[in-house]
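Raw coords.tsv, TSV, C-alpha atoms:
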```
chain	number	residue	atom	x	y	z
K	28	MET	CA	3.83	-56.96	-101.39
K	29	LYS	CA	0.93	-54.60	-101.88
K	30	TRP	CA	-0.42	-56.54	-104.83
K	31	ALA	CA	0.06	-59.84	-103.01
K	32	VAL	CA	-2.09	-58.55	-100.14
K	33	LEU	CA	-4.72	-57.38	-102.65
K	34	VAL	CA	-4.84	-60.78	-104.38
K	35	VAL	CA	-5.18	-62.59	-101.04
K	36	ALA	CA	-7.97	-60.21	-99.97
K	37	ALA	CA	-9.81	-60.76	-103.27
K	38	VAL	CA	-9.60	-64.53	-102.85
K	39	VAL	CA	-10.89	-64.29	-99.28
K	40	MET	CA	-13.78	-62.02	-100.31
K	41	SER	CA	-14.74	-64.42	-103.09
K	42	GLY	CA	-15.91	-66.80	-100.35
K	43	CYS	CA	-18.30	-64.21	-98.95
K	44	SER	CA	-22.05	-64.66	-99.50
K	45	PRO	CA	-25.31	-63.05	-98.33
K	46	ASP	CA	-26.59	-66.56	-97.50
K	47	SER	CA	-23.69	-67.44	-95.20
K	48	ASN	CA	-24.32	-68.11	-91.51
K	49	SER	CA	-21.14	-66.17	-90.68
K	50	ASP	CA	-21.43	-62.44	-90.01
K	51	LEU	CA	-17.88	-62.02	-91.27
K	52	LYS	CA	-18.61	-63.71	-94.60
K	53	ARG	CA	-21.72	-61.55	-94.98
K	54	LEU	CA	-19.56	-58.46	-94.36
K	55	ALA	CA	-21.85	-57.34	-91.50
K	56	LEU	CA	-25.06	-57.53	-93.55
K	57	PRO	CA	-28.03	-59.56	-92.25
K	58	LYS	CA	-28.78	-62.87	-93.94
K	59	GLY	CA	-30.51	-62.17	-97.24
K	60	SER	CA	-34.20	-63.06	-97.40
K	61	SER	CA	-35.62	-61.70	-100.66
K	62	ASP	CA	-35.10	-62.02	-104.40
K	63	ARG	CA	-33.59	-58.51	-104.50
K	64	THR	CA	-30.59	-59.24	-102.29
K	65	ASP	CA	-28.11	-60.32	-104.98
K	66	ASP	CA	-27.84	-56.90	-106.65
K	67	ILE	CA	-27.40	-55.10	-103.34
K	68	TRP	CA	-24.89	-57.71	-102.20
K	69	GLU	CA	-22.78	-57.26	-105.35
K	70	LEU	CA	-22.78	-53.49	-104.81
K	71	TRP	CA	-21.83	-53.94	-101.14
K	72	LEU	CA	-19.04	-56.40	-101.97
K	73	GLY	CA	-17.71	-54.15	-104.72
K	74	ALA	CA	-17.65	-51.20	-102.32
K	75	TRP	CA	-15.58	-53.20	-99.84
K	76	ILE	CA	-13.11	-54.21	-102.55
K	77	ALA	CA	-12.82	-50.61	-103.78
K	78	VAL	CA	-12.24	-49.35	-100.23
K	79	LEU	CA	-9.55	-51.99	-99.73
K	80	VAL	CA	-7.76	-50.99	-102.95
K	81	ILE	CA	-7.88	-47.29	-102.05
K	82	PHE	CA	-6.61	-48.02	-98.54
K	83	LEU	CA	-3.67	-50.07	-99.84
K	84	VAL	CA	-2.72	-47.43	-102.41
K	85	VAL	CA	-2.91	-44.52	-99.98
K	86	PHE	CA	-1.22	-46.41	-97.14
K	87	GLY	CA	1.49	-47.60	-99.53
K	88	LEU	CA	2.17	-44.05	-100.72
K	89	ILE	CA	2.37	-42.82	-97.13
K	90	MET	CA	4.86	-45.54	-96.17
K	91	TYR	CA	6.89	-45.00	-99.35
K	92	SER	CA	7.10	-41.26	-98.78
K	93	ALA	CA	8.08	-41.69	-95.15
K	94	ALA	CA	10.84	-44.15	-96.04
K	95	ARG	CA	12.09	-42.55	-99.29
K	96	TYR	CA	12.22	-38.94	-98.10
K	97	ARG	CA	13.15	-39.36	-94.46
K	98	ARG	CA	16.05	-37.34	-93.07
K	99	ARG	CA	19.38	-39.12	-93.58
K	100	HIS	CA	22.25	-39.67	-91.14
K	101	ASP	CA	24.07	-36.62	-92.42
K	102	ASP	CA	21.16	-34.54	-91.14
K	103	GLU	CA	20.66	-32.99	-94.55
K	104	ILE	CA	17.14	-31.75	-95.14
K	105	PRO	CA	15.55	-33.39	-98.23
K	106	PRO	CA	14.67	-31.07	-101.14
K	107	GLN	CA	11.43	-29.19	-100.42
K	108	ILE	CA	8.89	-29.03	-103.24
K	109	ARG	CA	6.03	-26.55	-103.16
K	110	TYR	CA	3.85	-28.48	-105.56
K	111	ASN	CA	3.88	-31.40	-107.94
K	112	LEU	CA	1.50	-31.00	-110.84
K	113	PRO	CA	1.12	-34.72	-111.73
K	114	ILE	CA	0.39	-35.65	-108.10
K	115	GLU	CA	-2.08	-32.78	-107.68
K	116	ALA	CA	-3.82	-33.80	-110.90
K	117	LEU	CA	-4.00	-37.38	-109.62
K	118	TYR	CA	-5.54	-36.24	-106.32
K	119	THR	CA	-8.09	-34.17	-108.26
K	120	PHE	CA	-9.20	-36.64	-110.91
K	121	ALA	CA	-8.89	-39.91	-108.98
K	122	PRO	CA	-11.73	-39.06	-106.51
K	123	VAL	CA	-13.94	-37.92	-109.40
K	124	ILE	CA	-13.36	-41.24	-111.19
K	125	ILE	CA	-14.01	-43.21	-107.98
K	126	VAL	CA	-17.30	-41.37	-107.33
K	127	ALA	CA	-18.37	-41.81	-110.96
K	128	VAL	CA	-17.75	-45.57	-110.80
K	129	PHE	CA	-19.67	-45.84	-107.52
K	130	PHE	CA	-22.51	-43.78	-109.00
K	131	PHE	CA	-22.73	-45.96	-112.11
K	132	HIS	CA	-22.89	-49.23	-110.18
K	133	THR	CA	-25.33	-47.77	-107.65
K	134	VAL	CA	-27.76	-46.65	-110.35
K	135	THR	CA	-27.39	-49.98	-112.17
K	136	SER	CA	-28.18	-51.95	-109.00
K	137	GLN	CA	-31.03	-49.60	-108.13
K	138	ASN	CA	-32.67	-50.07	-111.52
K	139	ARG	CA	-32.50	-53.86	-111.21
K	140	VAL	CA	-33.86	-53.81	-107.65
K	141	LEU	CA	-36.78	-51.59	-108.70
K	142	GLU	CA	-37.82	-53.81	-111.62
K	143	ARG	CA	-41.54	-54.49	-111.58
K	144	VAL	CA	-43.35	-57.81	-111.56
K	145	ASP	CA	-45.96	-58.03	-114.33
K	146	ASN	CA	-48.64	-59.68	-112.19
K	147	PRO	CA	-47.65	-59.81	-108.51
K	148	ASP	CA	-49.26	-62.55	-106.45
K	149	HIS	CA	-50.19	-60.12	-103.66
K	150	THR	CA	-50.66	-56.39	-103.15
K	151	ILE	CA	-50.23	-54.92	-99.68
K	152	GLU	CA	-50.91	-51.30	-98.86
K	153	VAL	CA	-48.57	-50.03	-96.15
K	154	VAL	CA	-49.71	-47.00	-94.15
K	155	GLY	CA	-47.10	-45.40	-91.91
K	156	SER	CA	-48.40	-42.83	-89.44
K	157	LYS	CA	-47.27	-41.29	-86.16
K	158	TRP	CA	-46.32	-43.75	-84.74
K	159	GLN	CA	-47.67	-47.02	-86.03
K	160	TRP	CA	-47.96	-49.20	-89.10
K	161	ALA	CA	-51.06	-50.56	-90.79
K	162	PHE	CA	-51.10	-53.27	-93.46
K	163	ASN	CA	-54.01	-53.62	-95.86
K	164	TYR	CA	-54.12	-56.92	-97.75
K	165	MET	CA	-55.70	-55.65	-100.95
K	166	ASP	CA	-56.31	-59.05	-102.56
K	167	GLU	CA	-57.69	-60.71	-99.41
K	168	GLN	CA	-61.36	-59.82	-99.35
K	169	ALA	CA	-64.08	-60.65	-96.87
K	170	ALA	CA	-67.85	-60.40	-97.27
K	171	GLY	CA	-68.92	-57.24	-99.08
K	172	ASN	CA	-65.62	-57.07	-100.99
K	173	GLU	CA	-63.93	-55.38	-98.04
K	174	ASN	CA	-60.20	-55.80	-97.66
K	175	VAL	CA	-58.47	-57.42	-94.72
K	176	PHE	CA	-56.17	-55.26	-92.60
K	177	ASP	CA	-53.96	-55.39	-89.55
K	178	TYR	CA	-52.39	-52.55	-87.59
K	179	GLY	CA	-50.33	-51.87	-84.50
K	180	THR	CA	-49.40	-49.24	-81.94
K	181	PRO	CA	-46.13	-48.23	-80.27
K	182	GLN	CA	-47.16	-50.46	-77.36
K	183	ASP	CA	-48.29	-53.36	-79.56
K	184	PRO	CA	-46.35	-53.39	-82.87
K	185	ALA	CA	-48.07	-54.48	-86.06
K	186	GLU	CA	-47.42	-57.88	-87.63
K	187	LEU	CA	-47.07	-58.38	-91.36
K	188	TYR	CA	-47.55	-61.85	-92.85
K	189	LEU	CA	-46.03	-62.78	-96.22
K	190	PRO	CA	-46.09	-66.12	-98.07
K	191	VAL	CA	-42.63	-67.40	-98.95
K	192	ASP	CA	-41.56	-67.44	-102.62
K	193	GLU	CA	-44.60	-65.41	-103.76
K	194	SER	CA	-44.27	-61.95	-105.27
K	195	VAL	CA	-45.63	-58.98	-103.32
K	196	ARG	CA	-46.25	-55.39	-104.39
K	197	PHE	CA	-45.97	-52.96	-101.50
K	198	VAL	CA	-47.88	-49.69	-101.93
K	199	LEU	CA	-46.65	-47.07	-99.45
K	200	LYS	CA	-48.55	-44.04	-98.13
K	201	SER	CA	-48.42	-41.72	-95.14
K	202	PRO	CA	-51.06	-39.38	-93.64
K	203	ASP	CA	-48.67	-37.13	-91.70
K	204	VAL	CA	-44.87	-36.99	-92.07
K	205	VAL	CA	-42.17	-38.86	-93.98
K	206	HIS	CA	-41.54	-42.39	-92.72
K	207	SER	CA	-39.41	-45.15	-94.25
K	208	PHE	CA	-40.41	-48.79	-94.67
K	209	TRP	CA	-37.37	-50.96	-93.98
K	210	VAL	CA	-36.86	-54.68	-93.48
K	211	PRO	CA	-33.06	-55.18	-93.15
K	212	GLU	CA	-33.18	-58.84	-94.25
K	213	PHE	CA	-34.82	-57.78	-97.54
K	214	TYR	CA	-31.87	-55.42	-98.30
K	215	PHE	CA	-34.47	-52.84	-99.24
K	216	LYS	CA	-36.13	-49.74	-97.87
K	217	MET	CA	-38.24	-46.96	-99.35
K	218	ASP	CA	-39.58	-43.67	-98.04
K	219	VAL	CA	-43.27	-43.32	-97.19
K	220	VAL	CA	-44.09	-39.75	-98.25
K	221	PRO	CA	-47.32	-37.81	-97.51
K	222	GLY	CA	-49.24	-37.02	-100.69
K	223	LYS	CA	-47.19	-39.42	-102.85
K	224	ILE	CA	-47.62	-43.12	-103.51
K	225	ASN	CA	-44.39	-45.12	-103.66
K	226	SER	CA	-44.32	-48.80	-104.46
K	227	PHE	CA	-41.92	-51.68	-105.03
K	228	ASP	CA	-42.03	-55.42	-105.69
K	229	LEU	CA	-40.14	-58.34	-104.17
K	230	SER	CA	-40.52	-61.98	-103.19
K	231	PRO	CA	-39.51	-63.26	-99.74
K	232	THR	CA	-37.24	-66.27	-100.15
K	233	ARG	CA	-36.70	-67.53	-96.62
K	234	GLU	CA	-39.16	-68.36	-93.87
K	235	GLY	CA	-38.64	-66.68	-90.54
K	236	THR	CA	-39.60	-63.74	-88.34
K	237	PHE	CA	-37.85	-60.44	-88.96
K	238	THR	CA	-38.07	-56.98	-87.41
K	239	GLY	CA	-39.05	-54.09	-89.67
K	240	ARG	CA	-38.38	-50.48	-88.78
K	241	CYS	CA	-39.03	-46.92	-89.74
K	242	ALA	CA	-35.68	-45.69	-91.11
K	243	GLU	CA	-36.62	-41.99	-91.16
K	244	LEU	CA	-36.54	-39.83	-88.03
K	245	CYS	CA	-40.28	-39.12	-87.83
K	246	GLY	CA	-40.82	-37.72	-84.35
K	247	LEU	CA	-41.23	-38.51	-80.69
K	248	TYR	CA	-41.84	-42.28	-80.87
K	249	HIS	CA	-39.73	-42.99	-83.95
K	250	SER	CA	-37.67	-45.59	-82.06
K	251	ARG	CA	-40.85	-47.53	-81.20
K	252	MET	CA	-42.22	-47.51	-84.74
K	253	ILE	CA	-41.35	-51.13	-85.46
K	254	PHE	CA	-43.22	-54.12	-86.83
K	255	LYS	CA	-42.75	-57.86	-87.15
K	256	VAL	CA	-42.55	-59.59	-90.52
K	257	HIS	CA	-43.55	-63.25	-90.60
K	258	VAL	CA	-42.52	-65.03	-93.79
K	259	VAL	CA	-44.48	-68.27	-93.69
K	260	SER	CA	-45.81	-71.06	-95.87
K	261	ARG	CA	-48.94	-70.43	-97.94
K	262	ASP	CA	-51.05	-72.54	-95.56
K	263	LYS	CA	-50.02	-70.47	-92.55
K	264	TYR	CA	-50.57	-67.28	-94.53
K	265	ASP	CA	-54.13	-68.33	-95.43
K	266	GLN	CA	-54.71	-69.27	-91.80
K	267	ARG	CA	-53.64	-65.80	-90.67
K	268	MET	CA	-55.94	-64.11	-93.19
K	269	ALA	CA	-58.83	-66.24	-91.92
K	270	GLU	CA	-58.05	-65.17	-88.34
K	271	LEU	CA	-58.12	-61.48	-89.30
K	272	LYS	CA	-61.45	-61.94	-91.06
K	273	ALA	CA	-62.86	-63.76	-88.03
K	274	ASP	CA	-61.69	-60.91	-85.78
K	275	GLY	CA	-63.60	-58.44	-87.95
K	276	GLN	CA	-60.50	-56.66	-89.22
K	277	VAL	CA	-61.96	-55.75	-92.60
K	278	GLY	CA	-62.52	-52.35	-94.08
K	279	ALA	CA	-62.13	-49.92	-96.96
K	280	PRO	CA	-59.04	-50.04	-99.17
K	281	ALA	CA	-57.32	-47.53	-96.88
K	282	GLY	CA	-57.58	-50.14	-94.12
K	283	SER	CA	-58.43	-49.54	-90.51
K	284	LYS	CA	-59.61	-46.22	-89.16
K	285	GLU	CA	-56.52	-46.06	-87.00
K	286	ALA	CA	-54.31	-46.20	-90.08
K	287	ASN	CA	-55.66	-42.81	-91.21
K	288	GLU	CA	-55.23	-41.05	-87.88
K	289	ILE	CA	-52.33	-39.54	-86.01
K	290	ALA	CA	-52.12	-41.88	-83.06
K	291	GLY	CA	-52.89	-40.24	-79.73
K	292	VAL	CA	-53.50	-36.76	-81.18
K	293	GLU	CA	-56.81	-35.04	-80.72
K	294	GLY	CA	-58.18	-31.98	-82.49
K	295	GLU	CA	-61.24	-29.74	-82.37
K	296	ASP	CA	-63.54	-29.36	-85.35
K	297	LYS	CA	-65.59	-26.29	-86.24
K	298	THR	CA	-68.48	-27.41	-84.06
K	299	GLY	CA	-66.24	-27.55	-81.00
K	300	ARG	CA	-66.37	-31.32	-80.82
K	301	VAL	CA	-63.08	-33.02	-80.00
K	302	ASP	CA	-62.24	-35.94	-82.25
K	303	LYS	CA	-59.25	-37.78	-83.55
K	304	VAL	CA	-57.47	-35.80	-86.25
K	305	GLN	CA	-58.26	-37.35	-89.62
K	306	SER	CA	-55.59	-37.26	-92.26
K	307	GLY	CA	-57.28	-38.54	-95.39
K	308	ALA	CA	-54.53	-40.92	-96.45
K	309	GLY	CA	-57.05	-42.89	-98.45
K	310	ASP	CA	-57.69	-39.87	-100.70
K	311	TYR	CA	-54.22	-39.78	-102.21
K	312	LYS	CA	-54.03	-40.65	-105.84
K	313	ASP	CA	-51.41	-42.90	-107.31
K	314	GLY	CA	-48.48	-40.82	-108.46
K	315	ALA	CA	-45.24	-41.17	-110.32
K	316	GLY	CA	-43.83	-43.49	-107.70
K	317	ASP	CA	-46.10	-46.34	-108.78
```
Structure re-expressed in structure tokens:
Amino acid sequence: MKWAVLVVAAVVMSGCSPDSNSDLKRLALPKGSSDRTDDIWELWLGAWIAVLVIFLVVFGLIMYSAARYRRRHDDEIPPQIRYNLPIEALYTFAPVIIVAVFFFHTVTSQNRVLERVDNPDHTIEVVGSKWQWAFNYMDEQAAGNENVFDYGTPQDPAELYLPVDESVRFVLKSPDVVHSFWVPEFYFKMDVVPGKINSFDLSPTREGTFTGRCAELCGLYHSRMIFKVHVVSRDKYDQRMAELKADGQVGAPAGSKEANEIAGVEGEDKTGRVDKVQSGAGDYKDGAGD
């Protein structure tokens, strides 16, 4: 019976897909929207299958023990055993094997997800600061070879535009505390660490508007540190870049001034003048994360 249930469950799960419109068939994941979703999906599906197998084995042993060693009608107490070496060995080594298998597949999926693109179509510098996001389009240059940027605030979240089916390298930096750049539909997130440059590559594969978040508890307005991701056609992407240039949102590679400040915090310099606290995010050098 146990194996029959397992076979039926495996057949049912074989119909699951990250592209399905059904939440049940996606196993509670959002609909996949990047070229890195397949590896994460396979890991997620494998974890569900492993959990199901472990549940059936443990539940089966519990039911077997309750039925096999229950008290009989003659009210005789079953033999009491202090320990059982084979069972104790099983309970010791089985979890180690399970964790090792999970670890192997996690590292394998991670390595595939972090594979680099030789020549990405776009490079976007992401600056996460308390409590806002700034996006610097490093290959979109205006007059004077200045890069195009966009940024937001907790009251007015930033908007990131990406062309569909074109590779993007995200370069992550922070001027203050640890943040985490996360777009659930991309099945990917990475920490944004002060003093360290992290980066990753992916290609959006589905047009739409998604909500990105900071996935690291970063302070008072962490819950409002969100941004919108617009995956659009190349024509609409070029139109958006032209709008940013027309609005004068061009600047140094570090992007807007606001991207290098702690939003809403003021400090006093040695002359007694009160100014915004500068963080110098643009001075960080590319580290091992790139």
* Asked: atom CA of Pro190 of chain K and atom CA of Val258 of chain K are how many Å apart?
  ->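 Here the two named atoms are 5.7 Å from each other.
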* Which of K:Asp66, K:Gly59, K:Val277, K:Arg53 sits closest to Asn138 of chain K [using all atoms listed in the file] ->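 Looking only at the distances to Asn138 of chain K, the closest residue turns out to be K:Asp66.
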* To do: Measure the distance from atom CA of Leu54 of chain K to atom CA of Phe129 of chain K in Å and round it to one decimal.
  =>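 Atom-to-atom, atom CA of Leu54 of chain K and atom CA of Phe129 of chain K are spaced 18.2 Å apart.
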Could you give me, as a PDB file with C-alpha atoms, keeping the file's coordinate frame, the residues within 7 Å of Ser61 of chain K, counting all atoms listed in the file and dropping anything in the same chain fewer than 3 positions from it?
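Done, and the output landed in around.pdb:
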```
ATOM      1  CA  THR K  64     -30.590 -59.240-102.290  1.00  0.00           C
ATOM      2  CA  PHE K 213     -34.820 -57.780 -97.540  1.00  0.00           C
ATOM      3  CA  LEU K 229     -40.140 -58.340-104.170  1.00  0.00           C
ATOM      4  CA  SER K 230     -40.520 -61.980-103.190  1.00  0.00           C
ATOM      5  CA  PRO K 231     -39.510 -63.260 -99.740  1.00  0.00           C
ATOM      6  CA  THR K 232     -37.240 -66.270-100.150  1.00  0.00           C
TER       7      THR K 232
END
```
* To do: Using all atoms listed in the file, determine which residues lie at most 10 Å from Arg240 of chain K, disregarding the query and same-chain residues fewer than 2 positions distant; provide the list as a PyMOL selection string.
  => chain K and resi 160+206-211+216+237-238+242-243+249-255
All residues 6 Å or closer to segment 153-159 of chain K, all atoms listed in the file, same chain fewer than 2 positions away omitted, as a compact mmCIF listing (two decimals) with C-alpha atoms, in the frame of the given file:
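That gives us part31.txt:
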```
# COMPACT_ATOMS: atom_id res chain seq x y z
CA ALA K 161 -51.06 -50.56 -90.79
CA PHE K 162 -51.10 -53.27 -93.46
CA GLY K 179 -50.33 -51.87 -84.50
CA THR K 180 -49.40 -49.24 -81.94
CA VAL K 198 -47.88 -49.69 -101.93
CA LEU K 199 -46.65 -47.07 -99.45
CA LYS K 200 -48.55 -44.04 -98.13
CA SER K 201 -48.42 -41.72 -95.14
CA MET K 252 -42.22 -47.51 -84.74
CA ILE K 289 -52.33 -39.54 -86.01
CA ALA K 290 -52.12 -41.88 -83.06
```
* Structure fact -> Residue with the minimum atom-to-atom distance to Asp177 of chain K, picked from K:Leu51, K:Ile81, K:Ala93, K:Met165 with only C-alpha atoms counted, is K:Met165
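Atom pair atom CA of Glu193 of chain K / atom CA of Phe215 of chain K: separated by 16.8 Å.
Comparing the minimum interatomic distances between Thr133 of chain K and each of K:Ile108, K:Arg97, K:Trp71, K:Ala121, counting all atoms listed in the file, we find that K:Trp71 sits nearest.
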* **Closest of K:Val259, K:Cys43, K:Val175, K:Ile124 to Leu189 of chain K - atom-to-atom distances counting all atoms listed in the file** =>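 Under the stated criterion, the closest residue is K:Val259.
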* For the point (-55.9, -62.0, -92.2) in the file's frame, write as a list of chain:residue names all residues with an atom no more than 8 Å away, counting only C-alpha atoms. =>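 Selection result: K:Tyr164, K:Glu167, K:Val175, K:Phe176, K:Asp177, K:Tyr264, K:Asp265, K:Gln266, K:Arg267, K:Met268, K:Ala269, K:Glu270, K:Leu271, K:Lys272, K:Gln276.
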* Between K:Cys241, K:Phe82, K:Thr236, K:Ala127, which one has atoms that come closest to Val219 of chain K, using all atoms listed in the file? ->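 Using all atoms listed in the file, the shortest distance to Val219 of chain K belongs to K:Cys241.
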* Of the candidates K:Leu187, K:Leu70, K:Val134, K:Val195, which one gets nearest to Gly235 of chain K if we count only C-alpha atoms? -> K:Leu187
